[in-house]
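Novice: Please find upload_21.txt (compact mmCIF, C-alpha atoms and all ligand atoms) on the next line:
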# COMPACT_ATOMS: atom_id res chain seq x y z
CA MET A 1 -18.40 -25.15 12.75
CA SER A 2 -16.48 -22.94 10.28
CA SER A 3 -12.71 -23.14 10.18
CA ARG A 4 -12.58 -19.66 11.65
CA ARG A 5 -14.69 -20.87 14.52
CA LYS A 6 -12.34 -23.76 14.95
CA PHE A 7 -9.39 -21.39 15.07
CA ILE A 8 -10.16 -19.76 18.34
CA LYS A 9 -12.87 -20.26 20.86
CA LYS A 10 -13.09 -17.83 23.65
CA ALA A 11 -13.88 -18.16 27.28
CA ALA A 12 -16.00 -15.65 29.08
CA LEU A 13 -14.21 -13.38 31.49
CA GLY A 14 -14.62 -13.84 35.19
CA SER A 15 -16.07 -10.92 37.13
CA VAL A 16 -12.66 -9.69 38.18
CA ALA A 17 -10.53 -11.85 35.93
CA ILE A 18 -7.92 -9.92 34.03
CA SER A 19 -7.08 -12.46 31.36
CA SER A 20 -8.97 -12.72 28.13
CA LEU A 21 -9.39 -16.39 27.59
CA TYR A 22 -9.58 -18.30 24.38
CA THR A 23 -10.05 -21.96 23.93
CA TYR A 24 -9.44 -24.17 20.99
CA ALA A 25 -11.87 -26.75 19.72
CA ASN A 26 -9.70 -29.68 18.90
CA LYS A 27 -8.12 -31.27 21.93
CA SER A 28 -6.56 -34.06 19.93
CA ASN A 29 -3.70 -32.01 18.55
CA LYS A 30 -0.17 -33.12 18.83
CA GLU A 31 3.01 -31.10 18.90
CA ASP A 32 4.84 -31.92 15.74
CA ALA A 33 5.51 -29.89 12.66
CA SER A 34 7.22 -32.72 10.85
CA THR A 35 4.10 -34.23 9.37
CA ASN A 36 2.53 -30.88 8.70
CA ASP A 37 2.30 -28.90 5.49
CA VAL A 38 5.48 -28.33 3.57
CA LEU A 39 7.17 -25.06 4.44
CA THR A 40 6.85 -23.54 1.04
CA THR A 41 8.75 -20.48 -0.02
CA ASN A 42 6.83 -18.92 -2.82
CA ILE A 43 8.66 -16.53 -5.05
CA LYS A 44 6.31 -14.13 -6.77
CA LYS A 45 6.61 -10.98 -8.79
CA LYS A 46 5.54 -7.58 -7.59
CA PRO A 47 2.98 -6.41 -6.74
CA ILE A 48 1.69 -8.81 -4.17
CA ILE A 49 -0.98 -8.46 -1.47
CA ILE A 50 -1.37 -10.83 1.47
CA SER A 51 -4.19 -10.64 3.99
CA THR A 52 -5.18 -12.78 6.94
CA TRP A 53 -8.21 -15.06 6.76
CA ARG A 54 -10.91 -15.61 4.20
CA HIS A 55 -12.23 -12.07 4.54
CA GLY A 56 -8.82 -11.21 3.06
CA LEU A 57 -10.10 -12.26 -0.37
CA ALA A 58 -12.56 -9.39 -0.66
CA ALA A 59 -10.06 -7.03 0.92
CA ASN A 60 -7.34 -8.08 -1.54
CA GLU A 61 -9.72 -7.70 -4.47
CA GLU A 62 -10.43 -4.09 -3.58
CA ALA A 63 -6.82 -3.23 -2.75
CA TRP A 64 -5.59 -4.85 -5.97
CA LYS A 65 -8.04 -2.77 -8.03
CA GLU A 66 -6.69 0.40 -6.44
CA LEU A 67 -3.06 -0.59 -6.92
CA LYS A 68 -3.71 -1.35 -10.57
CA ASN A 69 -5.36 2.07 -10.92
CA ASN A 70 -2.10 3.58 -9.66
CA LYS A 71 -3.55 4.60 -6.32
CA PRO A 72 -1.04 4.88 -3.46
CA ALA A 73 -0.57 1.64 -1.54
CA LEU A 74 -1.79 3.17 1.73
CA ASP A 75 -5.05 4.12 0.04
CA ALA A 76 -5.31 0.60 -1.35
CA ILE A 77 -4.92 -0.82 2.15
CA VAL A 78 -7.55 1.52 3.61
CA SER A 79 -10.00 0.61 0.85
CA GLY A 80 -9.14 -3.09 1.03
CA VAL A 81 -9.47 -3.71 4.74
CA GLY A 82 -12.36 -1.23 4.67
CA ILE A 83 -14.45 -3.98 3.06
CA PRO A 84 -14.50 -6.31 6.12
CA GLU A 85 -14.63 -3.25 8.39
CA ALA A 86 -17.95 -2.27 6.80
CA ASP A 87 -19.32 -5.81 6.49
CA PRO A 88 -21.72 -6.63 9.34
CA ASN A 89 -21.21 -10.32 8.69
CA VAL A 90 -17.52 -10.11 9.55
CA ARG A 91 -17.94 -10.11 13.28
CA SER A 92 -14.33 -9.61 14.22
CA VAL A 93 -13.66 -6.32 12.47
CA GLY A 94 -15.34 -2.88 12.45
CA TYR A 95 -19.12 -2.60 12.03
CA GLY A 96 -20.83 -5.70 13.41
CA GLY A 97 -17.74 -6.66 15.43
CA LEU A 98 -18.49 -8.50 18.66
CA PRO A 99 -18.49 -6.20 21.67
CA ASP A 100 -16.65 -6.25 24.95
CA ARG A 101 -18.28 -7.47 28.16
CA GLU A 102 -20.05 -4.10 28.53
CA GLY A 103 -21.65 -4.47 25.10
CA LYS A 104 -19.38 -1.83 23.54
CA VAL A 105 -17.68 -2.36 20.18
CA THR A 106 -14.13 -1.04 20.61
CA LEU A 107 -11.75 -1.01 17.68
CA ASP A 108 -7.98 -1.17 17.17
CA ALA A 109 -6.10 -0.45 13.93
CA CYS A 110 -2.72 0.60 12.61
CA ILE A 111 -1.01 1.36 9.34
CA MET A 112 2.65 1.67 8.31
CA ASP A 113 4.46 2.81 5.18
CA LYS A 114 7.76 2.31 3.39
CA ASN A 115 9.37 5.17 5.34
CA SER A 116 8.45 3.57 8.68
CA ASP A 117 5.89 6.29 9.23
CA CYS A 118 2.95 4.88 11.11
CA GLY A 119 -0.43 5.75 12.55
CA SER A 120 -2.58 3.88 15.00
CA VAL A 121 -5.84 4.09 16.94
CA SER A 122 -6.86 1.96 19.85
CA PHE A 123 -9.98 1.57 21.97
CA LEU A 124 -11.85 3.64 19.39
CA GLN A 125 -15.65 3.54 19.52
CA GLY A 126 -18.32 4.62 17.06
CA ILE A 127 -16.17 4.93 13.93
CA LYS A 128 -16.68 2.32 11.25
CA HIS A 129 -13.27 2.65 9.59
CA PRO A 130 -10.54 2.84 12.24
CA ILE A 131 -7.91 2.10 9.58
CA ALA A 132 -8.79 5.36 7.83
CA VAL A 133 -8.41 7.23 11.13
CA ALA A 134 -5.05 5.52 11.69
CA LYS A 135 -3.95 6.80 8.27
CA LYS A 136 -4.95 10.32 9.29
CA VAL A 137 -2.88 9.94 12.46
CA LEU A 138 0.07 8.96 10.27
CA GLU A 139 -0.41 11.80 7.83
CA GLU A 140 -1.72 14.67 9.91
CA THR A 141 -0.25 14.39 13.39
CA PRO A 142 3.25 14.23 14.86
CA HIS A 143 2.14 11.14 16.82
CA VAL A 144 1.89 7.44 16.20
CA MET A 145 -1.02 6.40 18.39
CA LEU A 146 -4.27 7.96 19.59
CA THR A 147 -6.56 6.13 21.92
CA GLY A 148 -10.11 6.11 23.30
CA LYS A 149 -11.92 9.43 23.54
CA GLY A 150 -8.97 11.32 22.12
CA ALA A 151 -8.97 9.11 19.04
CA LEU A 152 -12.71 9.65 18.66
CA GLN A 153 -12.36 13.39 19.05
CA PHE A 154 -9.64 13.41 16.40
CA ALA A 155 -11.77 11.30 14.05
CA LEU A 156 -14.74 13.64 14.43
CA GLU A 157 -12.54 16.66 13.82
CA LYS A 158 -11.37 15.00 10.63
CA GLY A 159 -14.95 14.57 9.45
CA PHE A 160 -15.60 10.93 10.32
CA LYS A 161 -19.20 10.15 11.26
CA GLU A 162 -20.01 8.68 14.65
CA GLU A 163 -22.39 5.74 14.39
CA ASN A 164 -23.61 2.75 16.31
CA LEU A 165 -21.44 -0.22 15.37
CA LEU A 166 -23.29 -2.80 17.44
CA THR A 167 -25.53 -4.67 15.02
CA GLU A 168 -28.63 -6.47 16.25
CA LYS A 169 -26.94 -9.80 15.58
CA SER A 170 -23.88 -8.94 17.65
CA LYS A 171 -26.07 -7.47 20.37
CA GLN A 172 -28.01 -10.73 20.53
CA SER A 173 -24.76 -12.72 20.76
CA TRP A 174 -23.68 -10.50 23.62
CA ILE A 175 -27.01 -10.88 25.42
CA LYS A 176 -26.73 -14.62 25.01
CA TRP A 177 -23.22 -14.55 26.38
CA LEU A 178 -24.38 -12.52 29.36
CA GLU A 179 -27.15 -15.01 30.12
CA LYS A 180 -24.92 -18.04 29.90
CA SER A 181 -21.83 -16.71 31.56
CA LYS A 182 -23.35 -14.53 34.25
CA TYR A 183 -19.85 -13.10 34.31
CA LYS A 184 -18.50 -16.40 35.48
CA PRO A 185 -15.55 -17.88 33.65
CA VAL A 186 -17.57 -20.24 31.50
CA ILE A 187 -16.18 -21.37 28.19
CA ASN A 188 -17.71 -19.48 25.31
CA ILE A 189 -17.40 -20.36 21.65
CA GLU A 190 -16.47 -17.47 19.50
CA ASN A 191 -14.76 -16.70 16.24
CA HIS A 192 -12.46 -13.79 16.10
CA ASP A 193 -10.10 -12.79 13.39
CA THR A 194 -8.21 -9.62 12.73
CA ILE A 195 -7.56 -8.56 9.16
CA SER A 196 -3.93 -7.69 8.54
CA MET A 197 -2.81 -6.76 5.04
CA LEU A 198 0.73 -6.58 3.66
CA VAL A 199 1.52 -4.98 0.31
CA LEU A 200 4.64 -5.10 -1.83
CA ASP A 201 3.86 -2.60 -4.56
CA GLU A 202 4.94 -2.35 -8.18
CA ASP A 203 8.03 -0.36 -7.13
CA GLY A 204 9.04 -2.93 -4.56
CA ASN A 205 8.04 -0.87 -1.54
CA LEU A 206 6.33 -2.30 1.52
CA TYR A 207 3.19 -1.18 3.33
CA GLY A 208 0.90 -2.74 5.91
CA GLY A 209 -2.34 -2.31 7.80
CA CYS A 210 -4.21 -4.09 10.52
CA THR A 211 -7.77 -3.62 11.87
CA THR A 212 -9.90 -5.49 14.39
CA SER A 213 -12.66 -5.33 16.96
CA GLY A 214 -10.32 -7.28 19.25
CA ALA A 215 -11.19 -10.14 21.52
CA ALA A 216 -14.93 -10.57 22.04
CA TRP A 217 -16.14 -10.11 25.63
CA LYS A 218 -12.83 -8.53 26.58
CA LEU A 219 -12.60 -6.24 29.57
CA HIS A 220 -13.68 -2.71 28.70
CA GLY A 221 -10.50 -0.86 27.81
CA ARG A 222 -8.50 -3.90 26.71
CA VAL A 223 -6.20 -3.19 23.78
CA GLY A 224 -4.71 -6.05 21.78
CA ASP A 225 -1.68 -6.35 19.54
CA SER A 226 -3.36 -5.05 16.40
CA PRO A 227 -2.78 -1.30 16.92
CA ILE A 228 0.72 -1.79 18.30
CA ILE A 229 3.51 -1.24 15.80
CA GLY A 230 5.99 -4.07 16.28
CA ALA A 231 3.37 -6.43 17.70
CA GLY A 232 0.38 -6.77 15.35
CA LEU A 233 2.24 -5.20 12.41
CA PHE A 234 5.77 -4.26 11.48
CA LEU A 235 7.80 -3.60 8.38
CA ASP A 236 11.19 -2.40 7.36
CA ASN A 237 11.32 -1.41 3.73
CA GLU A 238 14.87 -2.75 3.47
CA VAL A 239 13.79 -6.19 4.59
CA GLY A 240 10.15 -7.22 4.70
CA ALA A 241 6.81 -6.94 6.45
CA ALA A 242 4.92 -9.09 8.93
CA ALA A 243 1.56 -9.09 10.68
CA ALA A 244 -0.25 -11.16 13.27
CA THR A 245 -3.60 -12.56 14.23
CA GLY A 246 -4.62 -14.51 17.32
CA LEU A 247 -4.09 -14.01 21.02
CA GLY A 248 -2.94 -10.40 21.13
CA GLU A 249 -1.42 -10.67 24.58
CA ALA A 250 0.99 -13.36 23.35
CA VAL A 251 1.97 -11.28 20.34
CA ILE A 252 2.63 -8.13 22.39
CA ARG A 253 4.68 -10.06 24.91
CA THR A 254 7.07 -11.21 22.21
CA ALA A 255 7.08 -8.14 19.90
CA GLY A 256 5.95 -10.72 17.37
CA SER A 257 5.82 -8.96 14.00
CA ALA A 258 9.00 -6.97 14.65
CA MET A 259 10.82 -10.19 15.46
CA VAL A 260 9.60 -11.87 12.27
CA VAL A 261 11.03 -8.95 10.27
CA GLU A 262 14.33 -9.14 12.15
CA LEU A 263 14.66 -12.82 11.34
CA MET A 264 14.05 -12.08 7.66
CA ARG A 265 16.83 -9.49 7.95
CA GLN A 266 19.09 -12.30 9.14
CA GLY A 267 18.26 -14.29 6.03
CA LYS A 268 15.33 -16.45 7.02
CA SER A 269 12.55 -16.89 4.50
CA PRO A 270 9.16 -15.39 5.49
CA THR A 271 7.79 -18.81 6.44
CA GLU A 272 10.89 -19.74 8.43
CA ALA A 273 10.79 -16.40 10.25
CA CYS A 274 7.08 -16.80 11.11
CA LYS A 275 7.75 -20.36 12.27
CA GLU A 276 10.61 -19.37 14.56
CA ILE A 277 8.57 -16.69 16.30
CA VAL A 278 5.57 -18.98 16.63
CA GLU A 279 7.84 -21.51 18.30
CA ARG A 280 9.29 -18.84 20.55
CA ILE A 281 5.81 -17.79 21.62
CA TYR A 282 4.85 -21.38 22.28
CA LYS A 283 7.99 -21.97 24.34
CA LYS A 284 7.61 -18.79 26.36
CA HIS A 285 4.14 -19.83 27.45
CA LEU A 286 5.31 -22.45 29.88
CA ASN A 287 1.75 -23.39 30.72
CA HIS A 288 0.83 -23.88 27.07
CA LYS A 289 -0.44 -27.37 27.84
CA ASP A 290 -3.20 -25.70 29.86
CA MET A 291 -3.63 -22.96 27.29
CA ALA A 292 -5.78 -24.60 24.66
CA TYR A 293 -6.68 -21.03 23.71
CA LEU A 294 -3.09 -20.13 22.80
CA GLN A 295 -3.23 -19.45 19.08
CA VAL A 296 -1.18 -17.01 17.05
CA GLY A 297 -0.71 -16.80 13.28
CA PHE A 298 1.76 -14.65 11.34
CA ILE A 299 1.99 -13.68 7.70
CA ALA A 300 5.12 -12.20 6.17
CA VAL A 301 6.53 -11.00 2.85
CA ASN A 302 10.07 -9.97 1.97
CA LYS A 303 11.47 -7.51 -0.56
CA GLN A 304 11.80 -10.25 -3.17
CA GLY A 305 8.09 -11.00 -2.99
CA GLU A 306 8.56 -14.30 -1.17
CA TYR A 307 5.78 -14.76 1.33
CA GLY A 308 4.56 -17.21 3.91
CA GLY A 309 2.67 -17.81 7.11
CA TYR A 310 2.75 -20.03 10.14
CA SER A 311 0.60 -20.56 13.21
CA ILE A 312 0.60 -22.39 16.50
CA ARG A 313 -2.54 -24.38 15.75
CA PRO A 314 -3.97 -25.57 12.45
CA GLY A 315 -6.73 -23.70 10.69
CA PHE A 316 -4.94 -20.47 9.91
CA ASN A 317 -5.11 -19.35 6.29
CA TYR A 318 -4.52 -16.20 4.32
CA ALA A 319 -5.43 -14.63 0.99
CA VAL A 320 -2.70 -13.94 -1.57
CA TYR A 321 -3.10 -11.86 -4.73
CA ASP A 322 -0.47 -11.62 -7.43
CA ASP A 323 -0.39 -11.36 -11.21
CA GLU A 324 0.62 -14.96 -11.71
CA LYS A 325 -2.14 -16.77 -9.86
CA GLY A 326 -4.70 -14.11 -9.01
CA ASN A 327 -6.51 -14.00 -5.69
CA ARG A 328 -6.63 -17.24 -3.69
CA MET A 329 -6.49 -18.71 -0.21
CA GLU A 330 -3.36 -20.43 1.08
CA LYS A 331 -3.07 -22.59 4.14
CA ALA A 332 -0.42 -21.94 6.77
CA ALA A 333 1.54 -24.76 8.30
CA SER A 334 1.35 -24.97 12.09
CA LYS A 335 3.39 -26.13 15.04
CA ILE A 336 0.61 -28.30 16.35
CA VAL A 337 -1.05 -30.60 13.87
CA ARG A 338 -4.24 -32.58 14.11
CA LYS A 339 -3.88 -36.31 14.50
N1 LIG B 1 -5.10 -10.17 17.63
C1 LIG B 1 -6.45 -9.77 17.96
C2 LIG B 1 -6.51 -9.26 19.37
O1 LIG B 1 -5.90 -9.87 20.24
C3 LIG B 1 -7.44 -10.88 17.81
C4 LIG B 1 -7.37 -11.74 16.59
O2 LIG B 1 -6.63 -11.53 15.68
O3 LIG B 1 -8.08 -12.76 16.54
O4 LIG B 1 -7.22 -8.32 19.60
I'd like the structure from this file rewritten - as structure tokens, please.

Specialist:
Amino acid sequence: MSSRRKFIKKAALGSVAISSLYTYANKSNKEDASTNDVLTTNIKKKPIIISTWRHGLAANEEAWKELKNNKPALDAIVSGVGIPEADPNVRSVGYGGLPDREGKVTLDACIMDKNSDCGSVSFLQGIKHPIAVAKKVLEETPHVMLTGKGALQFALEKGFKEENLLTEKSKQSWIKWLEKSKYKPVINIENHDTISMLVLDEDGNLYGGCTTSGAAWKLHGRVGDSPIIGAGLFLDNEVGAAAATGLGEAVIRTAGSAMVVELMRQGKSPTEACKEIVERIYKKHLNHKDMAYLQVGFIAVNKQGEYGGYSIRPGFNYAVYDDEKGNRMEKAASKIVRK
């Protein structure tokens, strides 16, 4: 089982169940950060790019190339996260993403710039690059968020091509899920990882983007945290930027990324800020002992180029690219550690 698979397992939805259930593989975790990874505060020079998960490596590579070619940071983000969006083997983002319970691939994405201008699309179907549509929303509309058919209509008007995003592989996974679950709440193993990218550019300005196919087997119409400014992504160019991955409902409930940025404003390091919000989320879910599926990970970067991440459960990692060390994976510390 890959580490991403270990990160979150999902449960099938009941026929009328509202909750999207996740479950986590390792039941032998204990609650204790003390023996976990050191809370490192890494001071780096600008520019720096940080993206969630291993698919962040390829995304960073592309975004870095664009930044170094003096392309605007928003374009670098669109090109960077566009790599996993277009990759059928990344089954949690864009083309090839796992569908909802109706077999429909529905996508969420958002983007934000140094001026706090933002654009977002949710419940978008048939468009391979929702992040690029979100950028158009930012640049060419007076709105922040377009959803569903309206978002699709807008995308088509802007020249995006409508295509089938359900690959044969994802269709087969869905068919298998249907057979096994019969729409009963049976535990289903699934990986699922949003790509969120944060950029501190050469001039010291912050930008961010986030794109996902959301929770697999979700109810048709479910929207997660990823297109919601303040939840899946937030930045304040005076302070820092943060982004989330994991159980979207938990992140929305706590305005997760916005809170991480606010804590950095109060002087916390990125890792400390991520840790405090992870702990808040954990505490607010009073039934967390029964919520083996409760997993959330944050990444954050501040104006000084310090960065960090933290998650509820182990297994969360992120890709970091800077001039000093190049592009590499870093492991986040977590509230719960394996024995
Ligand atoms: N946050 C995403 C959602 O809830 C899922 C993920 O990042 O794994 O849609």

Novice: Around ligand LIG 1 (chain B), which protein and nucleic acid residues have at least one atom no more than 7 Å from it, if we count all atoms listed in the file? List them as a PyMOL selection string.

Specialist: chain A and resi 192-194+212-215+223-226+232+244-249

Novice: If you count all atoms listed in the file, which residues fall within 8 Å of Asn237 of chain A, apart from same-chain ones fewer than 6 positions away, as a list in words?

Specialist: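 Using all atoms listed in the file, the neighbours found are Lys114, Asn115, Ser116, Asn205, Leu206 and Lys303 of chain A.
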
Novice: Which residues, written as a PyMOL selection string, have at least one atom at most 8 Å from segment 267-280 of chain A, with all atoms listed in the file counted and residues fewer than 3 positions away on the same chain left out?

Specialist: chain A and resi 39-41+256+259-261+263-264+283-284+296-302+306-312+334-335

Novice: Near segment 146-154 of chain A, counting all atoms listed in the file, which residues have an atom at most 6 Å away, once you skip same-chain residues fewer than 4 positions from it, shown as a PDB file with C-alpha atoms, in the coordinates of the input?

Specialist:
ATOM      1  CA  VAL A 121      -5.840   4.090  16.940  1.00  0.00           C
ATOM      2  CA  SER A 122      -6.860   1.960  19.850  1.00  0.00           C
ATOM      3  CA  PHE A 123      -9.980   1.570  21.970  1.00  0.00           C
ATOM      4  CA  LEU A 124     -11.850   3.640  19.390  1.00  0.00           C
TER       5      LEU A 124
END

Novice: Measure the distance from atom CA of Lys169 of chain A to atom CA of Thr52 of chain A in Å and round it to one decimal.

Specialist: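 Between atom CA of Lys169 of chain A and atom CA of Thr52 of chain A the gap is 23.6 Å.
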
Novice: Just want the 7 Å neighbourhood of Ile49 of chain A, counted on all atoms listed in the file, with same-chain residues fewer than 4 positions away dropped. Output as a PyMOL selection string.

Specialist: chain A and resi 60+197-200+320-322

Novice: Between atom CA of Gly97 of chain A and atom CA of Trp174 of chain A, what is the distance, to one decimal in Å?

Specialist: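 Going from atom CA of Gly97 of chain A over to atom CA of Trp174 of chain A covers 10.8 Å.
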
Novice: Which residues of segment 122-205 of chain A have any atom within 7 Å of an atom in segment 78-81 of chain A when counting only C-alpha atoms, and what is the closest pair of atoms for each, with the distance in Å to one decimal? Order the rows by chain and rising number and write it as JSON lines.

Specialist:
{"residue": "A:Ile131", "atom": "CA", "partner": "A:Val78", "partner_atom": "CA", "distance": 6.0}
{"residue": "A:Ala132", "atom": "CA", "partner": "A:Val78", "partner_atom": "CA", "distance": 5.8}
{"residue": "A:Ile195", "atom": "CA", "partner": "A:Val81", "partner_atom": "CA", "distance": 6.8}

Novice: Could you put an axis-aligned box around every listed atom of segment 319-337 of chain A, padded by 4 Å on each side, and send me its centre and edge lengths in Å to one decimal, as JSON?

Specialist:
{"center_x": -1.6, "center_y": -21.0, "center_z": 2.3, "size_x": 18.0, "size_y": 27.2, "size_z": 36.1}

Novice: So how many Å separate atom CA of Gly326 of chain A and atom CA of Asn70 of chain A, to one decimal?

Specialist: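 Between atom CA of Gly326 of chain A and atom CA of Asn70 of chain A the gap works out to 17.9 Å.
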
Novice: Could you pull the residues within 9 Å of Pro99 of chain A, counting all atoms listed in the file, minus those fewer than 4 positions along the same chain, as a list of chain:residue names?

Specialist: A:Gly103, A:Lys104, A:Val105, A:Thr106, A:Leu166, A:Ser170, A:Lys171, A:Trp174, A:Ser213, A:Gly214, A:Ala215, A:Ala216, A:Trp217, A:Lys218

Novice: With all atoms listed in the file as the basis for distance, which of A:Lys158, A:His129, A:Lys135, A:Lys46 is at the shortest distance from Asp113 of chain A?

Specialist: A:Lys135

Novice: Using all atoms listed in the file, which residue out of A:Ala109, A:Leu74, A:Ala63, A:Ala258 lies closest to Val239 of chain A?

Specialist: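 Ranking A:Ala109, A:Leu74, A:Ala63, A:Ala258 by distance to Val239 of chain A, first place goes to A:Ala258.
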
Novice: Name the residues within 7 Å of (-8.3, -17.2, 6.5), counting all atoms listed in the file in the file's coordinates, and put them as a ChimeraX atom specification.

Specialist: /A:52-56,316-319

Novice: Considering all atoms listed in the file, state which residue in the set A:Pro47, A:His285, A:Pro227, A:Val90 is at the smallest distance from Lys65 of chain A.

Specialist: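 When distances to Lys65 of chain A are compared using all atoms listed in the file, the smallest one comes from A:Pro47.
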
Novice: Show me the residues around (0.8, 3.5, 10.6) - criterion: an atom at most 8 Å away, all atoms listed in the file counted - as a list in words.

Specialist: Cys110, Ile111, Met112, Asp113, Ser116, Asp117, Cys118, Gly119, Ser120, Ala134, Lys135, Val137, Leu138, Val144, Gly208, Gly209 and Ile229 of chain A

Novice: Would you mind telling me which residue in A:Phe234, A:Phe160, A:Arg265, A:Glu202 lies nearest to Pro72 of chain A when using all atoms listed in the file?

Specialist: A:Glu202
